[in-house]
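Asks: Following this line is run-v2.txt, made up of compact mmCIF, C-alpha atoms and all ligand atoms:
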# COMPACT_ATOMS: atom_id res chain seq x y z
CA MET M 21 30.56 -18.99 24.51
CA LYS M 22 29.71 -15.38 25.12
CA LEU M 23 27.71 -13.93 22.27
CA ALA M 24 26.89 -10.30 21.56
CA ARG M 25 24.41 -8.67 23.93
CA ARG M 26 22.13 -7.61 21.07
CA LEU M 27 21.42 -11.28 20.28
CA GLN M 28 19.89 -11.79 23.69
CA ALA M 29 16.60 -10.20 22.65
CA ILE M 30 16.41 -12.25 19.44
CA LYS M 31 14.33 -15.39 19.07
CA PRO M 32 14.84 -17.96 16.33
CA SER M 33 12.14 -17.74 13.65
CA ALA M 34 9.25 -19.82 14.99
CA THR M 35 8.00 -20.66 11.53
CA LEU M 36 11.40 -21.87 10.32
CA ALA M 37 11.84 -23.90 13.54
CA LEU M 38 8.47 -25.62 13.19
CA ASN M 39 9.08 -26.28 9.52
CA ALA M 40 12.43 -27.84 10.34
CA ARG M 41 10.81 -30.15 12.91
CA ALA M 42 8.06 -31.11 10.48
CA LYS M 43 10.65 -31.83 7.78
CA ALA M 44 12.71 -33.93 10.21
CA LEU M 45 9.61 -36.02 11.02
CA ALA M 46 8.86 -36.38 7.31
CA ALA M 47 12.47 -37.47 6.69
CA LYS M 48 11.90 -40.26 9.20
CA GLY M 49 9.07 -41.49 7.02
CA GLU M 50 6.18 -39.90 8.97
CA ASP M 51 3.22 -38.70 6.90
CA VAL M 52 3.26 -35.08 8.10
CA VAL M 53 0.68 -32.57 6.87
CA VAL M 54 2.78 -29.43 6.64
CA LEU M 55 0.64 -26.31 6.97
CA ALA M 56 3.48 -24.25 8.36
CA ALA M 57 5.26 -23.27 5.18
CA GLY M 58 5.35 -19.69 3.95
CA GLU M 59 6.08 -20.60 0.38
CA PRO M 60 4.09 -21.44 -2.72
CA ASP M 61 3.93 -25.10 -3.72
CA PHE M 62 3.96 -24.02 -7.38
CA ASP M 63 7.22 -24.25 -9.29
CA THR M 64 9.05 -21.18 -10.61
CA PRO M 65 7.73 -20.42 -14.13
CA GLU M 66 9.73 -22.14 -16.88
CA PHE M 67 10.65 -18.90 -18.70
CA VAL M 68 12.21 -17.58 -15.49
CA LYS M 69 14.26 -20.74 -15.03
CA GLN M 70 15.38 -20.52 -18.65
CA ALA M 71 16.71 -17.00 -18.10
CA ALA M 72 18.84 -18.30 -15.22
CA ILE M 73 20.13 -21.19 -17.34
CA ASP M 74 21.02 -18.73 -20.10
CA ALA M 75 22.80 -16.50 -17.56
CA LEU M 76 24.87 -19.44 -16.34
CA ARG M 77 25.71 -20.66 -19.84
CA SER M 78 26.79 -17.20 -20.97
CA GLY M 79 29.09 -16.84 -17.96
CA PHE M 80 27.04 -14.17 -16.21
CA THR M 81 28.51 -15.38 -12.95
CA LYS M 82 30.45 -12.41 -11.62
CA TYR M 83 29.75 -9.59 -9.15
CA THR M 84 27.24 -6.98 -10.24
CA ALA M 85 26.78 -3.52 -8.75
CA THR M 86 25.81 -3.91 -5.09
CA ALA M 87 22.43 -2.30 -5.71
CA GLY M 88 21.74 -4.66 -8.61
CA MET M 89 22.12 -4.60 -12.41
CA PRO M 90 20.97 -1.28 -13.88
CA GLU M 91 18.49 -3.07 -16.21
CA LEU M 92 16.91 -4.79 -13.22
CA ARG M 93 16.58 -1.57 -11.25
CA GLU M 94 14.96 -0.01 -14.31
CA ALA M 95 12.59 -2.99 -14.56
CA VAL M 96 11.68 -2.52 -10.87
CA CYS M 97 10.87 1.15 -11.56
CA ARG M 98 8.69 0.17 -14.52
CA LYS M 99 6.90 -2.42 -12.38
CA LEU M 100 6.27 0.08 -9.58
CA GLU M 101 4.89 2.61 -12.04
CA LYS M 102 2.75 0.14 -14.00
CA ASP M 103 1.37 -1.93 -11.12
CA ASN M 104 1.43 0.57 -8.26
CA ALA M 105 1.35 4.02 -9.88
CA LEU M 106 4.48 4.91 -7.89
CA LYS M 107 7.32 6.77 -9.58
CA PHE M 108 10.91 5.99 -8.60
CA THR M 109 14.19 6.35 -10.47
CA PRO M 110 16.81 3.54 -10.60
CA ASP M 111 19.04 5.36 -8.11
CA GLN M 112 16.15 5.04 -5.65
CA VAL M 113 16.16 1.24 -5.91
CA VAL M 114 18.29 -1.42 -4.27
CA VAL M 115 18.04 -5.10 -5.21
CA THR M 116 18.55 -7.48 -2.31
CA ALA M 117 18.75 -11.17 -1.48
CA GLY M 118 15.05 -11.42 -0.64
CA GLY M 119 12.47 -9.13 0.89
CA LYS M 120 13.92 -10.00 4.26
CA GLN M 121 17.23 -8.36 3.41
CA SER M 122 15.49 -5.19 2.18
CA LEU M 123 13.76 -4.80 5.51
CA TYR M 124 16.81 -5.78 7.53
CA ASN M 125 19.00 -3.27 5.70
CA ALA M 126 16.36 -0.57 6.08
CA PHE M 127 16.32 -0.93 9.87
CA GLN M 128 20.13 -1.07 9.97
CA ALA M 129 20.31 2.11 7.93
CA LEU M 130 17.60 3.97 9.83
CA LEU M 131 17.83 3.18 13.50
CA ASP M 132 19.99 4.38 16.34
CA ASP M 133 19.84 2.68 19.72
CA GLY M 134 16.42 3.16 21.24
CA ASP M 135 14.75 4.50 18.09
CA GLU M 136 11.22 3.22 17.81
CA VAL M 137 9.37 1.44 15.02
CA LEU M 138 5.59 0.99 15.08
CA ILE M 139 4.51 -2.52 14.18
CA PHE M 140 0.90 -3.69 14.10
CA SER M 141 0.05 -6.98 15.75
CA PRO M 142 -0.51 -9.66 14.66
CA TYR M 143 2.77 -9.13 12.80
CA TRP M 144 5.17 -11.10 10.68
CA VAL M 145 7.54 -12.71 13.17
CA SER M 146 10.70 -11.13 11.79
CA TYR M 147 9.80 -7.42 12.16
CA PRO M 148 10.39 -7.05 15.92
CA ASP M 149 13.59 -9.10 15.84
CA MET M 150 14.98 -7.16 12.89
CA VAL M 151 14.32 -3.94 14.77
CA HIS M 152 16.04 -5.36 17.88
CA LEU M 153 19.04 -6.42 15.79
CA ALA M 154 19.42 -2.82 14.63
CA GLY M 155 19.33 -1.60 18.23
CA GLY M 156 15.81 -0.22 17.87
CA THR M 157 12.70 -0.73 19.96
CA PRO M 158 9.63 -2.30 18.37
CA VAL M 159 6.44 -0.62 19.57
CA ILE M 160 3.55 -2.99 19.07
CA VAL M 161 0.18 -1.46 18.20
CA PRO M 162 -2.55 -4.10 18.48
CA THR M 163 -5.29 -4.45 15.89
CA ARG M 164 -8.52 -6.39 16.32
CA GLU M 165 -10.01 -9.20 14.32
CA GLU M 166 -13.43 -7.52 14.68
CA ASP M 167 -12.01 -4.56 12.72
CA GLY M 168 -10.62 -6.82 10.01
CA TYR M 169 -7.20 -6.13 11.57
CA ALA M 170 -7.34 -2.53 10.33
CA PRO M 171 -5.10 -0.31 12.48
CA ASP M 172 -6.90 2.30 14.55
CA PRO M 173 -5.59 5.81 13.69
CA GLU M 174 -6.12 6.89 17.29
CA ALA M 175 -3.94 4.02 18.56
CA ILE M 176 -1.24 5.07 16.08
CA ARG M 177 -1.36 8.69 17.32
CA LYS M 178 -0.97 7.49 20.89
CA ALA M 179 1.98 5.25 20.01
CA LEU M 180 3.94 7.93 18.13
CA THR M 181 6.76 9.54 20.12
CA PRO M 182 9.68 11.81 19.19
CA ARG M 183 11.72 8.61 18.84
CA THR M 184 9.43 7.00 16.27
CA ARG M 185 11.54 6.65 13.12
CA ALA M 186 9.38 4.30 11.09
CA ILE M 187 6.07 2.51 10.84
CA VAL M 188 5.66 -0.83 9.07
CA LEU M 189 2.60 -1.57 6.94
CA ASN M 190 2.02 -5.06 5.57
CA SER M 191 -1.01 -5.58 3.35
CA PRO M 192 -1.93 -8.25 2.36
CA ALA M 193 -0.65 -9.32 5.73
CA ASN M 194 1.21 -12.28 7.08
CA PRO M 195 -0.22 -13.87 9.26
CA THR M 196 -3.79 -12.51 9.09
CA GLY M 197 -4.36 -12.26 5.33
CA ALA M 198 -5.95 -8.86 5.98
CA VAL M 199 -5.92 -6.28 3.18
CA TYR M 200 -6.06 -2.58 4.01
CA SER M 201 -8.88 -0.65 2.38
CA ARG M 202 -8.55 2.87 1.01
CA ALA M 203 -10.29 4.22 4.13
CA THR M 204 -7.89 2.35 6.42
CA LEU M 205 -4.87 3.71 4.54
CA GLU M 206 -6.32 7.22 4.65
CA GLY M 207 -6.73 6.88 8.40
CA ILE M 208 -3.12 5.75 8.82
CA ALA M 209 -1.89 8.55 6.55
CA ALA M 210 -3.79 11.15 8.58
CA ALA M 211 -2.34 9.79 11.82
CA VAL M 212 1.30 9.94 10.65
CA ARG M 213 1.17 12.96 8.34
CA ASP M 214 2.59 15.42 10.86
CA HIS M 215 5.12 13.03 12.30
CA ASP M 216 8.48 12.88 10.57
CA CYS M 217 8.86 9.12 10.14
CA ILE M 218 9.47 6.69 7.30
CA LEU M 219 6.55 4.57 6.07
CA ILE M 220 7.85 1.13 5.27
CA THR M 221 5.38 -0.85 3.20
CA ASP M 222 6.05 -4.55 2.95
CA ASP M 223 4.16 -5.39 -0.23
CA MET M 224 5.45 -8.95 -0.51
CA TYR M 225 1.92 -10.42 -0.90
CA GLU M 226 0.67 -7.72 -3.25
CA LYS M 227 -0.24 -10.17 -6.02
CA LEU M 228 -1.87 -12.69 -3.71
CA LEU M 229 -5.19 -10.99 -3.46
CA TYR M 230 -8.57 -12.76 -3.53
CA THR M 231 -10.97 -9.87 -3.04
CA GLY M 232 -10.65 -6.11 -3.20
CA GLU M 233 -7.80 -4.13 -4.72
CA PHE M 234 -4.20 -3.68 -3.75
CA LEU M 235 -3.33 -0.17 -2.65
CA ASN M 236 -0.07 1.19 -1.34
CA ILE M 237 -0.40 4.06 1.11
CA GLY M 238 1.41 6.21 -1.48
CA ASN M 239 -1.65 5.84 -3.73
CA VAL M 240 -4.05 7.39 -1.24
CA ALA M 241 -1.58 9.91 0.20
CA PRO M 242 0.77 11.08 -2.60
CA ASP M 243 2.16 13.76 -0.26
CA LEU M 244 3.73 10.95 1.80
CA VAL M 245 5.59 9.34 -1.12
CA PRO M 246 8.83 11.20 -0.29
CA ARG M 247 8.83 9.31 3.04
CA LEU M 248 7.86 5.96 1.56
CA LEU M 249 10.07 2.88 1.44
CA VAL M 250 8.45 0.14 -0.62
CA SER M 251 9.80 -3.34 0.07
CA ASN M 252 8.81 -6.15 -2.24
CA GLY M 253 10.25 -9.18 -3.97
CA LEU M 254 9.63 -12.15 -6.20
CA SER M 255 9.53 -14.91 -3.59
CA LYS M 256 5.78 -15.30 -3.30
CA SER M 257 4.40 -13.93 -6.57
CA TYR M 258 6.74 -15.88 -8.86
CA ALA M 259 7.22 -18.89 -6.54
CA MET M 260 10.91 -18.01 -6.16
CA THR M 261 11.53 -18.34 -2.41
CA GLY M 262 14.80 -20.21 -2.86
CA TRP M 263 16.23 -17.80 -5.42
CA ARG M 264 16.45 -14.92 -2.93
CA LEU M 265 15.37 -11.80 -4.72
CA GLY M 266 13.86 -8.72 -3.15
CA TYR M 267 14.03 -5.00 -3.72
CA ALA M 268 13.31 -1.72 -2.04
CA ALA M 269 12.51 1.69 -3.47
CA GLY M 270 12.49 4.90 -1.50
CA PRO M 271 14.22 8.13 -0.60
CA LYS M 272 17.70 8.36 -2.15
CA ALA M 273 19.45 8.94 1.17
CA LEU M 274 17.87 5.88 2.75
CA ILE M 275 18.56 3.71 -0.31
CA SER M 276 22.23 4.86 -0.22
CA GLY M 277 22.38 3.91 3.46
CA MET M 278 20.90 0.50 2.72
CA GLN M 279 23.38 0.04 -0.09
CA LEU M 280 26.21 0.85 2.30
CA VAL M 281 25.01 -1.86 4.70
CA GLN M 282 24.86 -4.27 1.77
CA ASP M 283 28.29 -3.18 0.45
CA GLN M 284 29.83 -4.23 3.74
CA SER M 285 27.84 -7.41 4.24
CA THR M 286 26.56 -9.45 1.30
CA SER M 287 27.26 -7.28 -1.79
CA ASN M 288 24.91 -7.93 -4.71
CA ALA M 289 22.11 -10.47 -4.88
CA SER M 290 23.14 -13.48 -6.99
CA SER M 291 23.87 -12.43 -10.59
CA ILE M 292 22.02 -15.46 -11.95
CA THR M 293 18.96 -14.74 -9.82
CA GLN M 294 19.01 -11.15 -11.02
CA LYS M 295 18.81 -12.29 -14.65
CA ALA M 296 15.91 -14.56 -13.72
CA ALA M 297 14.20 -11.67 -11.93
CA LEU M 298 14.61 -9.45 -14.97
CA ALA M 299 12.85 -12.08 -17.09
CA ALA M 300 10.10 -12.44 -14.47
CA LEU M 301 9.41 -8.70 -14.21
CA ASN M 302 9.50 -8.21 -17.99
CA GLY M 303 7.54 -11.38 -18.72
CA PRO M 304 3.88 -12.43 -18.71
CA SER M 305 1.87 -12.51 -15.50
CA ASP M 306 -0.50 -15.34 -16.44
CA THR M 307 1.30 -17.76 -14.10
CA ILE M 308 0.44 -15.44 -11.19
CA THR M 309 -3.22 -15.34 -12.21
CA ALA M 310 -3.39 -19.14 -12.41
CA MET M 311 -1.71 -19.47 -9.02
CA VAL M 312 -4.04 -16.97 -7.35
CA ASN M 313 -7.13 -18.66 -8.80
CA GLU M 314 -6.00 -22.00 -7.41
CA TYR M 315 -5.18 -20.50 -4.00
CA ARG M 316 -8.62 -18.87 -3.85
CA GLU M 317 -10.28 -22.27 -4.26
CA ARG M 318 -8.03 -23.81 -1.64
CA ARG M 319 -8.69 -20.93 0.73
CA ASP M 320 -12.46 -21.37 0.39
CA LEU M 321 -12.26 -25.12 0.91
CA PHE M 322 -9.90 -24.92 3.87
CA VAL M 323 -11.50 -22.03 5.75
CA ALA M 324 -14.98 -23.56 5.36
CA GLY M 325 -13.56 -26.84 6.70
CA LEU M 326 -12.01 -25.08 9.68
CA ASN M 327 -15.21 -23.26 10.53
CA ALA M 328 -17.09 -26.56 10.46
CA ILE M 329 -15.01 -27.77 13.42
CA ASP M 330 -16.58 -27.00 16.77
CA GLY M 331 -14.14 -24.85 18.75
CA ILE M 332 -12.25 -23.47 15.73
CA ARG M 333 -13.20 -20.19 14.08
CA CYS M 334 -11.46 -18.69 11.09
CA ARG M 335 -11.90 -15.37 9.33
CA LEU M 336 -11.75 -15.51 5.54
CA PRO M 337 -8.42 -13.95 4.55
CA GLU M 338 -8.62 -11.47 1.66
CA GLY M 339 -5.01 -11.98 0.65
CA ALA M 340 -1.71 -13.83 1.26
CA PHE M 341 -2.04 -17.58 1.82
CA TYR M 342 -2.57 -18.10 5.50
CA ALA M 343 -5.61 -19.04 7.57
CA MET M 344 -5.43 -17.57 11.08
CA ALA M 345 -7.69 -19.69 13.17
CA ASP M 346 -8.99 -18.69 16.56
CA VAL M 347 -8.53 -21.71 18.83
CA ARG M 348 -9.22 -19.97 22.14
CA ALA M 349 -12.33 -22.10 22.63
CA LEU M 350 -10.07 -25.17 22.72
CA LEU M 351 -7.72 -23.81 25.34
CA GLY M 352 -8.55 -25.01 28.82
CA ARG M 353 -9.42 -28.46 27.49
CA SER M 354 -7.13 -31.31 28.36
CA TYR M 355 -5.19 -33.61 26.12
CA LYS M 356 -3.61 -36.80 27.48
CA GLY M 357 -4.07 -35.52 30.99
CA THR M 358 -2.50 -32.09 30.40
CA VAL M 359 -4.60 -28.95 30.21
CA LEU M 360 -3.70 -27.00 27.07
CA THR M 361 -3.38 -23.35 28.00
CA THR M 362 -1.52 -21.88 25.02
CA SER M 363 -1.67 -22.23 21.25
CA LEU M 364 1.99 -23.24 21.47
CA GLN M 365 1.07 -26.34 23.51
CA LEU M 366 -1.79 -27.00 21.14
CA SER M 367 0.51 -26.81 18.08
CA GLU M 368 2.96 -29.18 19.73
CA ALA M 369 0.30 -31.78 20.48
CA LEU M 370 -1.00 -31.42 16.93
CA LEU M 371 2.43 -32.03 15.42
CA ASN M 372 3.57 -34.77 17.79
CA ASP M 373 0.43 -36.92 17.81
CA PHE M 374 -1.61 -35.89 14.76
CA LEU M 375 1.26 -35.03 12.41
CA VAL M 376 -0.11 -31.61 11.47
CA ALA M 377 2.38 -28.75 11.41
CA ALA M 378 0.55 -25.50 12.23
CA VAL M 379 2.36 -22.46 13.61
CA PRO M 380 1.22 -21.13 17.00
CA GLY M 381 0.07 -17.51 16.97
CA ASP M 382 2.16 -16.47 20.00
CA PRO M 383 5.29 -15.44 18.04
CA PHE M 384 3.09 -13.38 15.70
CA GLY M 385 1.65 -11.50 18.65
CA ALA M 386 -1.58 -13.48 18.36
CA PRO M 387 -1.88 -15.83 21.33
CA GLY M 388 -4.90 -18.12 21.11
CA TYR M 389 -4.57 -18.44 17.33
CA ILE M 390 -2.77 -20.84 15.02
CA ARG M 391 -1.58 -20.02 11.51
CA MET M 392 -1.93 -22.54 8.75
CA SER M 393 -0.91 -21.97 5.15
CA PHE M 394 -3.13 -23.30 2.40
CA VAL M 395 -0.41 -23.48 -0.26
CA THR M 396 -0.57 -27.22 -0.49
CA SER M 397 -2.74 -29.59 -2.50
CA ARG M 398 -6.45 -29.94 -1.79
CA GLU M 399 -5.90 -33.58 -0.80
CA VAL M 400 -3.36 -32.55 1.82
CA LEU M 401 -5.68 -29.79 3.05
CA GLN M 402 -8.51 -32.33 3.40
CA LYS M 403 -6.21 -34.68 5.27
CA GLY M 404 -5.18 -31.80 7.56
CA LEU M 405 -8.84 -30.97 8.25
CA LYS M 406 -9.60 -34.58 9.12
CA ARG M 407 -6.69 -34.71 11.55
CA LEU M 408 -7.76 -31.43 13.12
CA ARG M 409 -11.24 -32.89 13.62
CA ASP M 410 -9.70 -35.99 15.22
CA PHE M 411 -7.55 -33.80 17.45
CA VAL M 412 -10.48 -31.71 18.65
CA ALA M 413 -12.48 -34.88 19.29
CA ALA M 414 -9.61 -36.18 21.45
CA LEU M 415 -9.69 -33.12 23.74
CA GLN M 416 -11.55 -33.35 27.00
CA SER M 417 -13.35 -30.62 28.89
CA VAL M 418 -12.13 -30.14 32.43
C1 LIG W 1 5.38 -10.39 5.32
C2 LIG W 1 6.63 -10.90 4.71
N1 LIG W 1 7.55 -10.03 4.31
C3 LIG W 1 8.71 -10.42 3.78
C4 LIG W 1 9.01 -11.75 3.63
C5 LIG W 1 10.37 -12.11 3.08
O1 LIG W 1 10.38 -12.73 1.89
P1 LIG W 1 11.73 -13.22 1.24
O2 LIG W 1 11.65 -14.70 1.17
O3 LIG W 1 11.76 -12.58 -0.12
O4 LIG W 1 12.87 -12.76 2.05
C6 LIG W 1 8.08 -12.72 4.04
C7 LIG W 1 8.40 -14.15 3.92
O5 LIG W 1 7.80 -15.00 4.51
C8 LIG W 1 6.86 -12.28 4.58
O6 LIG W 1 5.95 -13.15 5.00
As structure tokens, please, write out the structure in this file.
Replies:
Amino acid sequence: MKLARRLQAIKPSATLALNARAKALAAKGEDVVVLAAGEPDFDTPEFVKQAAIDALRSGFTKYTATAGMPELREAVCRKLEKDNALKFTPDQVVVTAGGKQSLYNAFQALLDDGDEVLIFSPYWVSYPDMVHLAGGTPVIVPTREEDGYAPDPEAIRKALTPRTRAIVLNSPANPTGAVYSRATLEGIAAAVRDHDCILITDDMYEKLLYTGEFLNIGNVAPDLVPRLLVSNGLSKSYAMTGWRLGYAAGPKALISGMQLVQDQSTSNASSITQKAALAALNGPSDTITAMVNEYRERRDLFVAGLNAIDGIRCRLPEGAFYAMADVRALLGRSYKGTVLTTSLQLSEALLNDFLVAAVPGDPFGAPGYIRMSFVTSREVLQKGLKRLRDFVAALQSV
């Protein structure tokens, strides 16, 4: 069947594909160590679930305004002011079915064919494809592990063109776990200040921070707030990936455009989920603190274990819940008679023969790396480390 031309540049999500394969193996009874997931293993807090149950029981099961219930948009504004010192009004907020939809709608609303969006690599897999789907052109600006993945202002200046409509910032970052410092954000702000583009900040991992402080670029450059689109959601911080709740706050005209896209596609996010989100945003944050403390311990255990394996090197992530391991020293070695030349091949061998699901770095713009999430129990992490050691021991130099 002939499909639309714009789909030709789109790849299926590598993380979802690997997860699906790992789950299929597990369904066959295989003992798979799944380090590919991008979701917390914690359960949604009980008080949030209760709000959804109450919503159902009271018949709150109809359409809401496309942009979300007014009370929820107000709660988002209060959150942004309290946590992020950013002031928005409810008509500058749209509630979406997940952070993914916020970003997708933003690109749909912003881009004409050939408009450019600056994306730093390594990047979350979906950014370039979302830009392609909107007819835009992703312009990849590489960052270096040696710099803690901080973007270089000079590289940004060079990448900006008259067609640059937006730049995407993601800190804490998926897949690197890097967190932008004040100085880094100041450098970015200086580089884009004179260029009329939208700053899209994907703050999805804001609460998952192990060291340092969370800053939005609007905090260090208040003059840029009128051009700021903050995208966030409850998936990671409240362990609510399946509920589908995100939001965006930004310039009224852009938010209206995003709402228009949503009006003609999905309409409002689920009414029940919205009630749950309202409870989450208005409720206590102690569940987040407990979750982050546990993840910090797992991060320390897992990253130390990775670094103890000869041929694997892993930077300590400051945020999010992924370990990005450099496996370049293993490439060029052979496994079962085949020389492994890419992290993709390495991930496949790991999954097929050692039952460890780790995502290759290639689709994140990080060839030679693999991404493993540490949002699983310590026992599973230990088992994963043991299998990685066995895998490395099974490789042969050529
Ligand atoms: C960087 C980043 N942004 C946004 C999202 C989207 O989250 P949601 O599940 O709310 O759509 C993810 C999910 O993995 C992510 O990693």
Asks: Within 10 Å of ligand LIG 1 (chain W) (counting all atoms listed in the file), which residues show up? I'd like them as a VMD selection string.
Replies: chain M and resid 35 to 36 57 to 59 116 to 124 143 to 147 189 to 195 197 221 to 225 251 to 257 259 to 267 340 to 342
Asks: Pick from M:Phe67, M:Tyr200, M:Phe140, M:Tyr230: nearest to Gly168 (chain M), with all atoms listed in the file counted?
Replies: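 Of the candidates, the smallest distance to Gly168 (chain M) is held by M:Tyr200.
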Asks: Work out how far CA of Glu165 (chain M) is from CA of Leu326 (chain M), in Å to one decimal.
Replies: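 Computed distance, CA of Leu326 (chain M) to CA of Glu165 (chain M), equals 16.7 Å.
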Asks: What separation in Å, quoted to one decimal, exists between CA of Gln284 (chain M) and CA of Cys217 (chain M)?
Replies: 25.7 Å
Asks: Which residue out of M:Lys69, M:Arg183, M:Lys406, M:Lys99 has the minimum interatomic distance to Val137 (chain M) when only C-alpha atoms are used?
Replies: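 Of M:Lys69, M:Arg183, M:Lys406, M:Lys99, the one nearest Val137 (chain M) is M:Arg183, counting only C-alpha atoms.
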Asks: Please provide the set of residues having any atom within 10 Å of region 357-371 of chain M, restricted to all atoms listed in the file, with same-chain residues fewer than 6 positions apart removed, written as an mmCIF file with C-alpha atoms, in the frame of the given file.
Replies:
data_model
loop_
_atom_site.group_PDB
_atom_site.id
_atom_site.type_symbol
_atom_site.label_atom_id
_atom_site.label_comp_id
_atom_site.auth_asym_id
_atom_site.auth_seq_id
_atom_site.Cartn_x
_atom_site.Cartn_y
_atom_site.Cartn_z
ATOM 1 C CA LEU M 38 8.470 -25.620 13.190
ATOM 2 C CA ARG M 41 10.810 -30.150 12.910
ATOM 3 C CA ALA M 42 8.060 -31.110 10.480
ATOM 4 C CA LEU M 45 9.610 -36.020 11.020
ATOM 5 C CA VAL M 52 3.260 -35.080 8.100
ATOM 6 C CA VAL M 53 0.680 -32.570 6.870
ATOM 7 C CA VAL M 54 2.780 -29.430 6.640
ATOM 8 C CA ASP M 346 -8.990 -18.690 16.560
ATOM 9 C CA VAL M 347 -8.530 -21.710 18.830
ATOM 10 C CA ARG M 348 -9.220 -19.970 22.140
ATOM 11 C CA LEU M 350 -10.070 -25.170 22.720
ATOM 12 C CA LEU M 351 -7.720 -23.810 25.340
ATOM 13 C CA ALA M 377 2.380 -28.750 11.410
ATOM 14 C CA ALA M 378 0.550 -25.500 12.230
ATOM 15 C CA VAL M 379 2.360 -22.460 13.610
ATOM 16 C CA PRO M 380 1.220 -21.130 17.000
ATOM 17 C CA GLY M 381 0.070 -17.510 16.970
ATOM 18 C CA ASP M 382 2.160 -16.470 20.000
ATOM 19 C CA PRO M 383 5.290 -15.440 18.040
ATOM 20 C CA ALA M 386 -1.580 -13.480 18.360
ATOM 21 C CA PRO M 387 -1.880 -15.830 21.330
ATOM 22 C CA GLY M 388 -4.900 -18.120 21.110
ATOM 23 C CA TYR M 389 -4.570 -18.440 17.330
ATOM 24 C CA ILE M 390 -2.770 -20.840 15.020
ATOM 25 C CA ARG M 391 -1.580 -20.020 11.510
ATOM 26 C CA ARG M 407 -6.690 -34.710 11.550
ATOM 27 C CA LEU M 408 -7.760 -31.430 13.120
ATOM 28 C CA ASP M 410 -9.700 -35.990 15.220
ATOM 29 C CA PHE M 411 -7.550 -33.800 17.450
ATOM 30 C CA VAL M 412 -10.480 -31.710 18.650
ATOM 31 C CA LEU M 415 -9.690 -33.120 23.740
ATOM 32 C CA GLN M 416 -11.550 -33.350 27.000
ATOM 33 C CA SER M 417 -13.350 -30.620 28.890
ATOM 34 C CA VAL M 418 -12.130 -30.140 32.430
#
Asks: Rounded to one decimal in Å, what is the spacing between CA of Ser397 (chain M) and CA of Glu314 (chain M)?
Replies: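 Atom-to-atom, CA of Ser397 (chain M) and CA of Glu314 (chain M) are spaced 9.6 Å apart.
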Asks: Region 183-190 of chain M, all listed atoms, 5 Å padding on each side: what axis-aligned box centre and edge lengths in Å to one decimal come out, as AutoDock Vina command-line options?
Replies:
--center_x 6.9 --center_y 1.8 --center_z 12.2 --size_x 19.7 --size_y 23.7 --size_z 23.3
Asks: From the options M:Leu106, M:Leu180, M:Met344, M:Ala24, which residue's atoms come nearest to Pro142 (chain M), counting all atoms listed in the file?
Replies: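 Looking only at the distances to Pro142 (chain M), the closest residue turns out to be M:Met344.
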Asks: Point out the residue among M:Ala75, M:Val115, M:Val281, M:Ile176 with the least atom-to-atom distance to Glu94 (chain M), counting only C-alpha atoms.
Replies: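 With only C-alpha atoms as the atom set, the closest residue is M:Val115.
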Asks: Looking at all atoms listed in the file, which of M:Ile237, M:Phe322, M:Ala345, M:Pro60 is the one that sits closest to Gly404 (chain M)?
Replies: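 Closest candidate: M:Phe322.
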Asks: My list of candidates is M:Pro148, M:Gly238, M:Gly155, M:Gly207. Which is closest to Pro171 (chain M) when distances are computed with all atoms listed in the file?
Replies: M:Gly207
Asks: Quick test: take region 406-412 of chain M, keep N, CA, C and O atoms, and write it as a PDB file, in the first residue's frame.
Replies:
ATOM      1  N   LYS M 406      25.797  -9.016  35.991  1.00  0.00           N
ATOM      2  CA  LYS M 406      26.458 -10.321  35.862  1.00  0.00           C
ATOM      3  C   LYS M 406      26.417 -10.788  34.401  1.00  0.00           C
ATOM      4  O   LYS M 406      27.419 -11.251  33.849  1.00  0.00           O
ATOM      5  N   ARG M 407      25.259 -10.621  33.780  1.00  0.00           N
ATOM      6  CA  ARG M 407      25.133 -11.061  32.380  1.00  0.00           C
ATOM      7  C   ARG M 407      26.007 -10.215  31.456  1.00  0.00           C
ATOM      8  O   ARG M 407      26.557 -10.722  30.477  1.00  0.00           O
ATOM      9  N   LEU M 408      26.112  -8.934  31.766  1.00  0.00           N
ATOM     10  CA  LEU M 408      26.999  -8.079  30.962  1.00  0.00           C
ATOM     11  C   LEU M 408      28.445  -8.557  31.093  1.00  0.00           C
ATOM     12  O   LEU M 408      29.196  -8.607  30.116  1.00  0.00           O
ATOM     13  N   ARG M 409      28.835  -8.920  32.320  1.00  0.00           N
ATOM     14  CA  ARG M 409      30.200  -9.431  32.535  1.00  0.00           C
ATOM     15  C   ARG M 409      30.406 -10.707  31.724  1.00  0.00           C
ATOM     16  O   ARG M 409      31.423 -10.878  31.054  1.00  0.00           O
ATOM     17  N   ASP M 410      29.396 -11.593  31.753  1.00  0.00           N
ATOM     18  CA  ASP M 410      29.497 -12.850  30.998  1.00  0.00           C
ATOM     19  C   ASP M 410      29.602 -12.563  29.502  1.00  0.00           C
ATOM     20  O   ASP M 410      30.347 -13.223  28.776  1.00  0.00           O
ATOM     21  N   PHE M 411      28.827 -11.589  29.055  1.00  0.00           N
ATOM     22  CA  PHE M 411      28.843 -11.233  27.632  1.00  0.00           C
ATOM     23  C   PHE M 411      30.224 -10.731  27.216  1.00  0.00           C
ATOM     24  O   PHE M 411      30.797 -11.198  26.229  1.00  0.00           O
ATOM     25  N   VAL M 412      30.765  -9.819  28.014  1.00  0.00           N
ATOM     26  CA  VAL M 412      32.084  -9.261  27.672  1.00  0.00           C
ATOM     27  C   VAL M 412      33.144 -10.364  27.684  1.00  0.00           C
ATOM     28  O   VAL M 412      34.021 -10.415  26.815  1.00  0.00           O
TER      29      VAL M 412
END
